[in-house]
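Engineer: Provided herewith: query-v3.txt, compact mmCIF, C-alpha atoms.
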# COMPACT_ATOMS: atom_id res chain seq x y z
CA LEU A 175 58.86 48.55 37.16
CA THR A 176 56.87 47.10 40.00
CA GLY A 177 56.97 47.61 43.73
CA ALA A 178 54.81 48.39 46.70
CA THR A 179 53.34 51.86 47.16
CA GLY A 180 55.98 54.17 48.64
CA CYS A 181 58.95 52.01 47.65
CA GLY A 182 60.44 54.78 45.48
CA LYS A 183 59.23 54.05 41.94
CA THR A 184 58.16 57.65 41.40
CA THR A 185 61.38 59.05 42.84
CA LEU A 186 63.45 56.76 40.63
CA LEU A 187 61.53 57.78 37.51
CA GLN A 188 61.77 61.49 38.36
CA VAL A 189 65.52 61.18 38.89
CA LEU A 190 65.83 59.39 35.54
CA ALA A 191 63.77 62.15 33.90
CA GLY A 192 66.09 64.85 35.28
CA PHE A 193 63.40 66.32 37.55
CA ARG A 194 65.07 65.43 40.86
CA LYS A 195 68.70 65.63 41.91
CA PRO A 196 70.15 62.19 42.61
CA GLU A 197 71.70 61.88 46.07
CA GLY A 198 74.56 59.90 44.57
CA GLY A 199 75.79 58.31 41.36
CA SER A 200 75.16 59.55 37.84
CA ILE A 201 72.85 58.84 34.94
CA ARG A 202 74.25 57.86 31.55
CA PHE A 203 71.97 57.88 28.57
CA SER A 204 72.07 55.58 25.58
CA GLY A 205 75.57 54.23 26.15
CA SER A 206 77.24 57.61 26.54
CA ASP A 207 80.43 57.81 28.61
CA GLN A 208 79.47 61.20 30.03
CA PRO A 209 76.84 61.62 32.75
CA ALA A 210 73.78 63.32 31.34
CA SER A 211 72.86 66.79 32.59
CA PRO A 212 69.30 67.34 33.87
CA LEU A 213 68.48 69.43 30.81
CA GLU A 214 69.77 66.72 28.47
CA LEU A 215 67.70 64.11 30.30
CA ARG A 216 64.58 66.23 30.13
CA ARG A 217 65.01 66.68 26.39
CA LYS A 218 65.46 62.97 25.74
CA VAL A 219 63.04 61.58 28.28
CA SER A 220 59.31 62.09 28.47
CA TYR A 221 58.00 61.67 32.01
CA ILE A 222 54.31 60.84 32.23
CA SER A 223 52.93 61.36 35.70
CA ARG A 224 49.55 60.33 37.07
CA ASP A 225 48.39 63.90 36.60
CA ALA A 226 48.99 66.13 33.60
CA MET A 227 51.04 69.07 34.85
CA LEU A 228 50.77 72.80 34.11
CA LEU A 229 47.07 72.74 33.38
CA SER A 230 46.06 76.17 34.55
CA GLY A 231 44.35 78.35 31.98
CA LEU A 232 44.65 76.07 28.94
CA ARG A 233 42.20 73.84 27.11
CA VAL A 234 43.05 70.21 26.38
CA ASP A 235 44.02 70.90 22.74
CA GLU A 236 46.09 73.95 23.75
CA HIS A 237 47.88 71.96 26.44
CA LEU A 238 48.76 69.22 23.94
CA ARG A 239 49.96 71.71 21.33
CA PHE A 240 52.01 73.58 23.93
CA VAL A 241 53.74 70.56 25.47
CA THR A 242 54.58 68.98 22.13
CA GLY A 243 55.50 72.28 20.47
CA VAL A 244 57.86 73.40 23.20
CA ARG A 245 59.56 69.99 23.55
CA ARG A 246 59.94 68.89 19.96
CA SER A 247 62.87 70.44 18.20
CA ASP A 248 61.68 69.53 14.71
CA SER A 249 58.61 71.77 15.23
CA ARG A 250 56.67 69.70 12.68
CA ILE A 251 53.60 69.00 14.69
CA ASP A 252 50.67 67.49 12.91
CA PRO A 253 47.61 68.88 14.72
CA ALA A 254 45.43 66.14 13.24
CA ALA A 255 47.69 63.43 14.68
CA LEU A 256 47.66 65.15 18.06
CA MET A 257 43.89 65.37 18.13
CA SER A 258 43.67 61.76 16.98
CA ILE A 259 45.67 60.67 20.06
CA ALA A 260 43.42 62.79 22.28
CA HIS A 261 40.34 61.27 20.64
CA ASP A 262 41.67 57.74 21.06
CA LEU A 263 42.05 58.39 24.77
CA GLY A 264 38.50 59.76 25.06
CA LEU A 265 39.51 63.37 25.75
CA ASP A 266 37.26 66.34 25.05
CA ILE A 267 39.74 68.63 23.32
CA LYS A 268 37.80 71.83 23.99
CA ALA A 269 37.37 71.20 27.72
CA PRO A 270 39.35 73.35 30.16
CA ALA A 271 42.21 71.10 31.24
CA GLU A 272 41.75 72.08 34.88
CA SER A 273 38.22 70.70 34.89
CA LEU A 274 39.27 67.13 34.04
CA GLY A 275 38.86 64.31 36.53
CA PRO A 276 41.79 62.05 37.53
CA PRO A 277 41.33 59.44 34.72
CA ALA A 278 41.15 62.16 32.05
CA ARG A 279 44.15 63.96 33.53
CA ALA A 280 46.14 60.73 33.38
CA ALA A 281 44.97 60.28 29.77
CA LEU A 282 46.04 63.84 28.92
CA ALA A 283 49.44 63.27 30.53
CA LEU A 284 49.79 60.11 28.47
CA ALA A 285 48.74 61.83 25.23
CA ALA A 286 51.21 64.68 25.75
CA GLY A 287 54.01 62.31 26.73
CA ILE A 288 53.52 60.07 23.70
CA ALA A 289 53.18 62.96 21.26
CA THR A 290 56.57 64.43 22.19
CA HIS A 291 58.32 61.46 20.49
CA ALA A 292 61.02 61.32 23.14
CA ASP A 293 63.87 58.80 23.08
CA ALA A 294 62.56 57.31 26.32
CA VAL A 295 59.07 57.38 27.80
CA LEU A 296 58.65 56.90 31.55
CA VAL A 297 55.09 56.16 32.63
CA ASP A 298 54.53 56.72 36.35
CA GLU A 299 51.42 54.71 37.26
CA ALA A 300 49.36 56.69 34.73
CA LEU A 301 48.01 53.44 33.27
CA ASP A 302 46.62 52.51 36.68
CA LEU A 303 44.36 55.57 36.56
CA ILE A 304 43.18 55.44 32.94
CA ALA A 305 39.48 54.67 32.54
CA PRO A 306 38.99 50.94 31.73
CA GLY A 307 37.38 51.83 28.39
CA GLN A 308 40.50 53.67 27.23
CA LEU A 309 43.10 51.27 28.61
CA ASP A 310 43.46 49.17 25.45
CA GLN A 311 43.93 52.34 23.38
CA ALA A 312 46.50 53.65 25.85
CA VAL A 313 48.47 50.41 25.72
CA ALA A 314 48.25 50.41 21.91
CA LEU A 315 49.59 53.98 21.74
CA LEU A 316 52.48 53.07 24.04
CA ALA A 317 53.20 50.00 21.93
CA ALA A 318 53.25 52.18 18.81
CA SER A 319 55.59 54.60 20.57
CA SER A 320 57.87 51.70 21.44
CA ALA A 321 57.75 50.45 17.85
CA ARG A 322 58.87 53.93 16.70
CA GLY A 323 62.02 53.47 18.78
CA SER A 324 61.19 54.98 22.15
CA ALA A 325 62.40 53.04 25.15
CA LEU A 326 59.50 52.43 27.47
CA LEU A 327 59.57 52.14 31.27
CA ILE A 328 56.23 51.70 32.98
CA ALA A 329 55.90 51.93 36.74
CA THR A 330 52.81 50.20 37.99
CA ALA A 331 51.34 48.96 41.21
CA ALA A 332 49.41 46.30 39.32
CA THR A 333 50.38 43.71 36.73
CA GLU A 334 47.21 43.33 34.75
CA PRO A 335 47.09 46.79 33.09
CA LEU A 336 50.27 45.94 31.18
CA GLY A 337 48.04 43.92 28.88
CA THR A 338 49.78 42.99 25.66
CA LEU A 339 53.04 44.83 26.45
CA ARG A 340 55.88 42.43 27.11
CA GLY A 341 59.38 43.17 28.35
CA ARG A 342 61.69 42.91 31.34
CA THR A 343 60.17 43.27 34.77
CA LEU A 344 62.15 45.13 37.41
CA HIS A 345 61.09 45.05 41.02
CA LEU A 346 61.99 47.79 43.50
CA GLU A 347 62.14 46.86 47.15
CA ASP A 348 64.07 48.45 50.04
CA GLY A 349 65.82 50.77 47.61
CA ARG A 350 67.17 47.91 45.48
CA LEU A 351 66.22 46.89 41.98
CA SER A 352 66.00 43.25 41.05
CA GLU A 353 65.03 41.70 37.76
CA ARG A 354 62.22 39.22 37.73
CA ARG A 355 61.89 36.50 35.19
CA PRO A 356 60.58 38.03 31.95
CA SER A 357 57.64 35.71 31.92
CA VAL A 358 56.37 36.44 35.42
CA ILE A 359 53.60 38.73 34.25
CA GLY A 360 52.83 36.48 31.32
CA ASP A 361 52.72 33.49 33.66
CA GLU A 362 50.37 35.26 36.03
CA LEU A 363 48.06 36.17 33.19
CA ALA A 364 48.28 32.64 31.80
CA ARG A 365 47.44 31.15 35.20
CA ARG A 366 44.48 33.50 35.52
CA ASP A 367 43.29 32.56 32.04
CA ALA A 368 43.69 28.86 32.89
CA ARG A 369 41.67 29.28 36.09
CA GLN A 370 38.93 31.05 34.15
CA LEU A 371 38.93 28.22 31.59
CA GLU A 372 38.71 25.59 34.33
CA THR A 373 35.85 27.47 35.96
CA ALA A 374 34.07 27.63 32.62
CA MET B 261 60.87 80.60 23.75
CA ARG B 262 57.90 81.46 21.51
CA TRP B 263 55.86 78.54 22.88
CA LEU B 264 56.59 79.63 26.45
CA LEU B 265 55.62 83.18 25.56
CA TRP B 266 52.46 81.98 23.83
CA ARG B 267 51.43 79.92 26.84
CA ASP B 268 52.11 82.67 29.36
CA LEU B 269 50.25 85.26 27.27
CA THR B 270 47.30 82.89 26.79
CA VAL B 271 47.06 82.12 30.51
CA MET B 272 47.55 85.71 31.63
CA THR B 273 45.05 87.25 29.22
CA ARG B 274 42.40 84.84 30.54
CA MET B 275 42.90 86.03 34.10
CA ARG B 276 39.98 87.92 35.57
CA PRO B 277 42.24 90.29 37.58
CA LEU B 278 43.71 91.61 34.34
CA TRP B 279 40.34 92.80 33.07
CA MET B 280 39.33 94.07 36.51
CA ALA B 281 42.52 96.12 36.70
CA MET B 282 41.99 97.49 33.21
CA ILE B 283 38.43 98.54 33.99
CA ALA B 284 39.43 100.14 37.33
CA HIS B 285 42.32 101.99 35.69
CA MET B 286 40.18 103.32 32.85
CA SER B 287 37.17 104.18 35.02
CA LEU B 288 39.15 106.33 37.44
CA LEU B 289 40.90 108.17 34.62
CA VAL B 290 37.57 108.73 32.84
CA CYS B 291 36.23 110.18 36.11
CA PHE B 292 39.18 112.54 36.25
CA ILE B 293 38.61 113.78 32.69
CA VAL B 294 34.83 114.11 33.09
CA ILE B 295 34.74 115.62 36.58
CA TRP B 296 37.98 117.61 36.67
CA GLY B 297 38.43 118.29 32.97
CA ASP B 298 39.78 121.76 33.77
CA GLY B 299 42.23 120.41 36.35
CA LEU B 300 42.20 119.80 40.08
CA PRO B 301 42.60 123.04 42.03
CA ILE B 302 44.70 121.35 44.72
CA MET B 303 47.25 120.08 42.19
CA SER B 304 49.73 122.15 40.22
CA GLY B 305 50.52 121.84 36.51
CA SER B 306 48.43 121.50 33.35
CA VAL B 307 45.55 119.05 32.97
CA PHE B 308 47.85 116.69 31.09
CA GLU B 309 50.50 116.83 33.83
CA GLN B 310 47.87 116.21 36.52
CA PHE B 311 46.45 113.37 34.44
CA VAL B 312 49.89 111.76 34.09
CA ASP B 313 50.58 112.08 37.85
CA LEU B 314 47.26 110.42 38.62
CA GLN B 315 47.91 107.71 36.03
CA PHE B 316 51.31 106.89 37.53
CA ALA B 317 49.78 106.72 41.01
CA LEU B 318 47.13 104.30 39.72
CA LEU B 319 49.62 102.18 37.79
CA VAL B 320 51.94 101.89 40.80
CA CYS B 321 49.03 100.26 42.66
CA VAL B 322 47.44 98.25 39.84
CA LEU B 323 50.39 96.87 37.84
CA PRO B 324 52.15 94.98 40.67
CA TRP B 325 48.84 93.37 41.62
CA VAL B 326 48.22 92.13 38.07
CA ALA B 327 51.85 90.98 37.78
CA ALA B 328 51.75 89.11 41.11
CA ARG B 329 48.53 87.35 40.10
CA GLY B 330 49.79 86.45 36.62
CA ILE B 331 53.46 85.61 36.95
CA ALA B 332 53.40 82.56 39.23
CA SER B 333 51.99 81.19 42.41
CA ASP B 334 55.54 80.46 43.58
CA ARG B 335 59.02 79.59 42.33
CA ASP B 336 58.17 75.87 42.19
CA ASP B 337 55.74 76.66 39.39
CA ILE B 338 58.62 78.07 37.34
CA ALA B 339 60.85 75.08 38.18
CA LEU B 340 58.08 72.69 37.17
CA LEU B 341 57.48 74.51 33.88
CA ALA B 342 61.20 74.31 33.10
CA ALA B 343 61.22 70.59 33.93
CA VAL B 344 58.14 69.66 31.92
CA THR B 345 59.07 71.72 28.89
CA ALA B 346 62.74 70.71 28.97
CA ARG B 347 63.82 74.34 28.72
CA PRO B 348 66.49 76.01 30.89
CA PRO B 349 64.99 77.92 33.84
CA HIS B 350 66.34 81.27 32.61
CA GLU B 351 64.32 80.88 29.41
CA VAL B 352 61.14 80.33 31.40
CA VAL B 353 61.92 83.40 33.51
CA LEU B 354 62.62 85.54 30.45
CA ALA B 355 59.42 84.43 28.74
CA ARG B 356 57.40 85.10 31.86
CA THR B 357 58.91 88.55 32.37
CA LEU B 358 58.27 89.44 28.74
CA ALA B 359 54.70 88.12 28.82
CA ALA B 360 53.96 89.94 32.07
CA GLY B 361 55.45 93.14 30.66
CA LEU B 362 53.26 92.90 27.56
CA VAL B 363 50.14 92.19 29.59
CA LEU B 364 50.85 95.15 31.87
CA LEU B 365 51.39 97.28 28.80
CA VAL B 366 47.88 96.34 27.65
CA VAL B 367 46.53 97.57 31.01
CA ALA B 368 48.42 100.85 30.68
CA ALA B 369 47.58 101.25 26.99
CA SER B 370 43.87 100.96 27.74
CA ALA B 371 44.06 104.60 28.86
CA LEU B 372 45.77 105.78 25.68
CA PRO B 373 42.64 107.49 24.27
CA LEU B 374 42.30 109.35 27.56
CA ASN B 375 45.96 110.39 27.36
CA ILE B 376 45.21 111.91 23.98
CA VAL B 377 42.12 113.69 25.31
CA ALA B 378 44.10 115.16 28.24
CA MET B 379 46.84 116.17 25.82
CA ARG B 380 44.32 117.97 23.60
CA ILE B 381 42.67 119.75 26.55
CA SER B 382 45.95 121.22 27.76
CA GLN B 383 47.37 121.58 24.22
CA THR B 384 50.54 119.68 25.13
CA ASP B 385 53.01 119.04 22.33
CA VAL B 386 53.28 115.50 21.00
CA SER B 387 56.92 115.00 22.07
CA SER B 388 56.12 115.26 25.79
CA ALA B 389 53.20 112.86 25.32
CA VAL B 390 55.52 110.38 23.60
CA VAL B 391 58.00 110.64 26.50
CA THR B 392 55.16 109.98 28.95
CA ILE B 393 53.95 106.93 27.03
CA ALA B 394 57.51 105.58 26.82
CA THR B 395 57.88 106.07 30.57
CA VAL B 396 54.63 104.19 31.22
CA ALA B 397 55.90 101.33 29.03
CA ALA B 398 59.19 101.31 30.97
CA LEU B 399 57.25 101.18 34.23
CA CYS B 400 55.37 98.10 32.96
CA ALA B 401 58.66 96.36 32.16
CA PHE B 402 60.13 97.36 35.53
CA VAL B 403 57.15 96.04 37.50
CA ALA B 404 57.20 92.76 35.54
CA ALA B 405 60.93 92.33 36.23
CA SER B 406 60.75 93.22 39.93
CA VAL B 407 57.79 90.91 40.64
CA THR B 408 59.43 88.07 38.65
CA LEU B 409 62.65 88.51 40.64
CA ALA B 410 60.69 88.47 43.90
CA VAL B 411 58.94 85.21 42.88
CA VAL B 412 62.20 83.59 41.74
CA THR B 413 63.86 84.38 45.09
CA GLY B 414 61.14 82.36 46.79
CA VAL B 415 58.74 84.83 48.33
CA GLY B 416 54.98 84.28 48.17
CA ARG B 417 52.56 86.04 45.87
CA MET B 418 51.48 88.59 48.50
CA THR B 419 55.08 89.58 49.28
CA ALA B 420 55.87 89.76 45.56
CA TRP B 421 52.98 92.18 45.15
CA LEU B 422 54.21 94.36 48.03
CA VAL B 423 57.80 94.28 46.72
CA GLY B 424 56.60 95.26 43.23
CA THR B 425 54.49 98.10 44.58
CA LEU B 426 57.29 99.44 46.79
CA ALA B 427 59.87 99.18 43.98
CA ALA B 428 57.56 100.95 41.51
CA PHE B 429 56.73 103.67 44.04
CA LEU B 430 60.38 104.32 44.85
CA ALA B 431 61.40 104.30 41.18
CA VAL B 432 58.68 106.83 40.28
CA VAL B 433 59.25 109.10 43.30
CA ALA B 434 63.05 109.03 43.24
CA SER B 435 63.46 109.96 39.55
CA SER B 436 62.66 113.07 37.60
CA PRO B 437 60.20 112.66 34.69
CA ALA B 438 62.93 113.37 32.14
CA GLU B 439 65.23 110.55 33.25
CA ARG B 440 62.56 108.13 34.54
CA ALA B 441 62.26 105.98 31.41
CA TRP B 442 66.00 105.30 31.18
CA LEU B 443 66.28 104.63 34.88
CA LEU B 444 63.39 102.16 34.76
CA LEU B 445 64.74 100.37 31.68
CA THR B 446 68.24 100.08 33.17
CA ALA B 447 66.82 98.72 36.42
CA THR B 448 64.63 96.30 34.42
CA ALA B 449 67.65 94.90 32.60
CA ALA B 450 69.57 94.50 35.88
CA LEU B 451 66.67 92.82 37.72
CA THR B 452 65.99 90.45 34.80
CA GLY B 453 69.66 89.50 34.66
CA ILE B 454 69.70 88.73 38.39
CA ALA B 455 66.46 86.72 38.11
CA THR B 456 67.84 84.56 35.28
CA VAL B 457 71.07 83.83 37.17
CA ILE B 458 69.16 82.87 40.35
CA ALA B 459 66.75 80.73 38.29
CA ASN B 460 69.55 78.79 36.62
CA ARG B 461 71.22 78.15 39.97
CA SER B 462 68.31 77.37 42.24
CA LEU B 463 65.58 76.07 39.91
CA ARG B 464 67.65 73.39 38.19
CA TYR B 465 65.79 70.61 39.99
CA LEU B 466 62.39 70.31 41.61
CA ARG B 467 62.41 70.51 45.38
CA LEU B 468 61.45 67.40 47.33
CA SER B 469 58.35 69.15 48.62
CA VAL B 470 56.96 69.42 45.06
CA ARG B 471 54.68 66.46 44.48
CA LEU B 472 53.73 65.47 40.96
Now, as a test, write the supplied structure out as structure tokens.
Structural biologist:
Amino acid sequence: LTGATGCGKTTLLQVLAGFRKPEGGSIRFSGSDQPASPLELRRKVSYISRDAMLLSGLRVDEHLRFVTGVRRSDSRIDPAALMSIAHDLGLDIKAPAESLGPPARAALALAAGIATHADAVLVDEALDLIAPGQLDQAVALLAASSARGSALLIATAATEPLGTLRGRTLHLEDGRLSERRPSVIGDELARRDARQLETA
Amino acid sequence: MRWLLWRDLTVMTRMRPLWMAMIAHMSLLVCFIVIWGDGLPIMSGSVFEQFVDLQFALLVCVLPWVAARGIASDRDDIALLAAVTARPPHEVVLARTLAAGLVLLVVAASALPLNIVAMRISQTDVSSAVVTIATVAALCAFVAASVTLAVVTGVGRMTAWLVGTLAAFLAVVASSPAERAWLLLTATAALTGIATVIANRSLRYLRLSVRL
């Protein structure tokens, strides 16, 4: 999901996640005939903001255990797998979560969102904030989440951080969504690669 | 619910005001025992009765302050927790009330050895001491419920503290010691019920002013 800053990407994602009340219309999930309630949406959708929320008083590992434990109904949380995700994203698990800088907070939000194994994962510009060294890992974790069956919607102000992820590209402008050709991002990357080759 | 309770207890027990309140509460009661171990001449009743009166006066001041600091900065915090954890708002409110009640109980229980000392000094029978301890526990639950309700209705932390203090003061002053525990527990149940209903109605969605 692309669009200029302030065009409503965040609002759209938060409405889809059941955080905000839509001014009109309804949200249907996974082909259901009935509009989904906010609680149903929250249970099925994992919303990953630019900043991990509810950080006060918890360490990184405690925050991860809490968010995944409270959201996952199966309650079979593998602490080792959780810490592995945190490690992949360069997080210090014993650090107070409040003390993290913006890139680490985005990484923590991403780790918690992925670990909940939701039916749909909405990433709200978190990838734009991730430290460059962890970006490949973040994209790989999202790809693995997608391979497990989670639908993935990534809002981004840039095209390059999408890296190896491929899919449909929706563009939001003046409150309207339009679909861009699937290959737009791929084309842009290909053109950039070609330019670099020519320069070389 | 257990994860919400675990989180709230973890966050609250790491709060500095909790330990400050506990130390202040214990220190003043220790002073009473050490300095006026044979009772204050200006107060009536046995040493134990004077001790209990002083303890209630202290708790009416201290407990709402700890509760207001620990329960939430505002109602949006509760709405956000419900949204992020995908739990209904009433569950978040219940967990927070329970956690706050338990934390306040820890503050009150810190003076338990002193209660026993005062009981021994005035040779009070165990049954009246048990009633007193039960009443203190009921006061903790009542303060937690009243401050939670104040926060859920949308007032700030300072107002929630004042509301909690006033409610605790009125509940202690307006009831006789014999019926105080039941009165406090009944009021706690009513306040918690109201808070959960308000939470489910008004904290279903995040307000537009809440930025994530």
Engineer: Please, what distance in Å, to one decimal, runs between atom CA of Pro277 of chain B and atom CA of Val326 of chain B?
Structural biologist: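 That distance, rounded to one decimal, is 6.3 Å.
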Engineer: Between A:Ser258, A:Thr176, A:Gln188, A:Thr343, which has the minimum distance to Arg216 of chain A (counting only C-alpha atoms)?
Structural biologist: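 Closest residue, counting only C-alpha atoms: A:Gln188.
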Engineer: Just the residues within 9 Å of Leu365 of chain B, please, counting all atoms listed in the file, with nothing from its chain fewer than 2 positions along; format it as a list of chain:residue names.
Structural biologist: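 Returned residues: B:Ala360, B:Gly361, B:Leu362, B:Val363, B:Val367, B:Ala368, B:Ala369, B:Ser370, B:Val396, B:Ala397, B:Leu399, B:Cys400, B:Ala401.
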Engineer: Residues of chain B within 8 Å of chain A, counting all atoms listed in the file - could you list those as an NGL selection string?
Structural biologist: :B and (261 or 263-264 or 267 or 270-271 or 274 or 340-341 or 343-348 or 464-468 or 472)
Engineer: Of the candidates A:Arg350, A:His345, A:Arg279, A:His261, which shows the shortest atom-to-atom distance to Ala331 of chain A, using only C-alpha atoms?
Structural biologist: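 Counting only C-alpha atoms, the residue closest to Ala331 of chain A is A:His345.
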Engineer: Which polymer residues, whether protein, DNA or RNA, lie within 8 Å of the coordinate (66.3, 91.2, 39.2) when you count all atoms listed in the file? List them as number ranges by chain, using the chain letters and numbers from the file.
Structural biologist: B: 405-406, 408-410, 448-456
Engineer: Would you kindly identify which residues have an atom no farther than 10 Å from (56.8, 62.1, 18.4), using only C-alpha atoms and the file's own coordinates, and write them out as a VMD selection string?
Structural biologist: chain A and resid 242 245 to 246 248 250 to 252 255 to 256 286 to 293 319 322 324
Engineer: For Val234 of chain A, please output as number ranges by chain all residues within 10 Å (counting only C-alpha atoms; exclusion window: fewer than 6 positions along the same chain).
Structural biologist: A: 240, 257, 260, 265-274, 279, 282, 286
Engineer: Work out how far atom CA of Ala398 of chain B is from atom CA of Val386 of chain B, in Å to one decimal.
Structural biologist: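 According to the coordinates, atom CA of Val386 of chain B and atom CA of Ala398 of chain B are separated by 18.3 Å.
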Engineer: Env of Ala420 of chain B: 7 Å cut, atoms = all atoms listed in the file, seq-sep filter 2 positions within chain, self excluded. Answer as a PyMOL selection string.
Structural biologist: chain B and resi 328+407+410-411+415-418+422-424
Engineer: Determine, counting only C-alpha atoms, which protein, DNA and RNA residues have an atom within 12 Å of an atom of Gly307 of chain A; residues of the same chain fewer than 6 positions away are not included. Present the result as a ChimeraX atom specification.
Structural biologist: /A:262-264,277-278,281,301,313,335
Engineer: Measuring between all atoms listed in the file, which one of B:Leu288, B:Ile295, B:Val470, B:Val412 shows the shortest distance to Ala317 of chain B?
Structural biologist: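 Answer, going by the shortest atom-to-atom distance: B:Leu288.
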Engineer: For Leu278 of chain B, which of B:Phe292, B:Gln315, B:Pro324, B:Gly305 is the closest residue, counting only C-alpha atoms?
Structural biologist: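 Looking only at the distances to Leu278 of chain B, the closest residue turns out to be B:Pro324.
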Engineer: What does the distance from atom CA of Ile376 of chain B to atom CA of Ile302 of chain B come to in Å, to one decimal?
Structural biologist: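 About the pair atom CA of Ile376 of chain B and atom CA of Ile302 of chain B: they are 22.8 Å apart.
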Engineer: Given only C-alpha atoms as the basis, pick out the residue of A:Leu284, A:Val297, A:Ala325, A:Ala178 nearest to Gly349 of chain A.
Structural biologist: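 Residue with the minimum atom-to-atom distance to Gly349 of chain A: A:Ala178.
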Engineer: Pick out the residues sitting within 9 Å of Val432 of chain B, and hand them over as a VMD selection string; count all atoms listed in the file, and ignore anything fewer than 5 positions along from it in its own chain.
Structural biologist: chain B and resid 316 to 317 320 399 427 437 440 444
Engineer: Give me a file of those residues, with C-alpha atoms, as a compact mmCIF listing (two decimals), keeping the file's coordinate frame.
Structural biologist:
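Output (out.txt):
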# COMPACT_ATOMS: atom_id res chain seq x y z
CA PHE B 316 51.31 106.89 37.53
CA ALA B 317 49.78 106.72 41.01
CA VAL B 320 51.94 101.89 40.80
CA LEU B 399 57.25 101.18 34.23
CA ALA B 427 59.87 99.18 43.98
CA PRO B 437 60.20 112.66 34.69
CA ARG B 440 62.56 108.13 34.54
CA LEU B 444 63.39 102.16 34.76
Engineer: Would you place a box with edges along x, y and z of the file around all atoms of segment 393-408 of chain B listed there, add 4 Å to each of its six sides, and report the centre and edge lengths in Å to one decimal, as AutoDock Vina command-line options?
Structural biologist:
--center_x 57.4 --center_y 97.5 --center_z 33.7 --size_x 15.0 --size_y 26.9 --size_z 21.8
Engineer: Which of these residues is nearest to Gly330 of chain B, using all atoms listed in the file: B:Leu358, B:Ala441, B:Ala371, B:Val290?
Structural biologist: B:Leu358
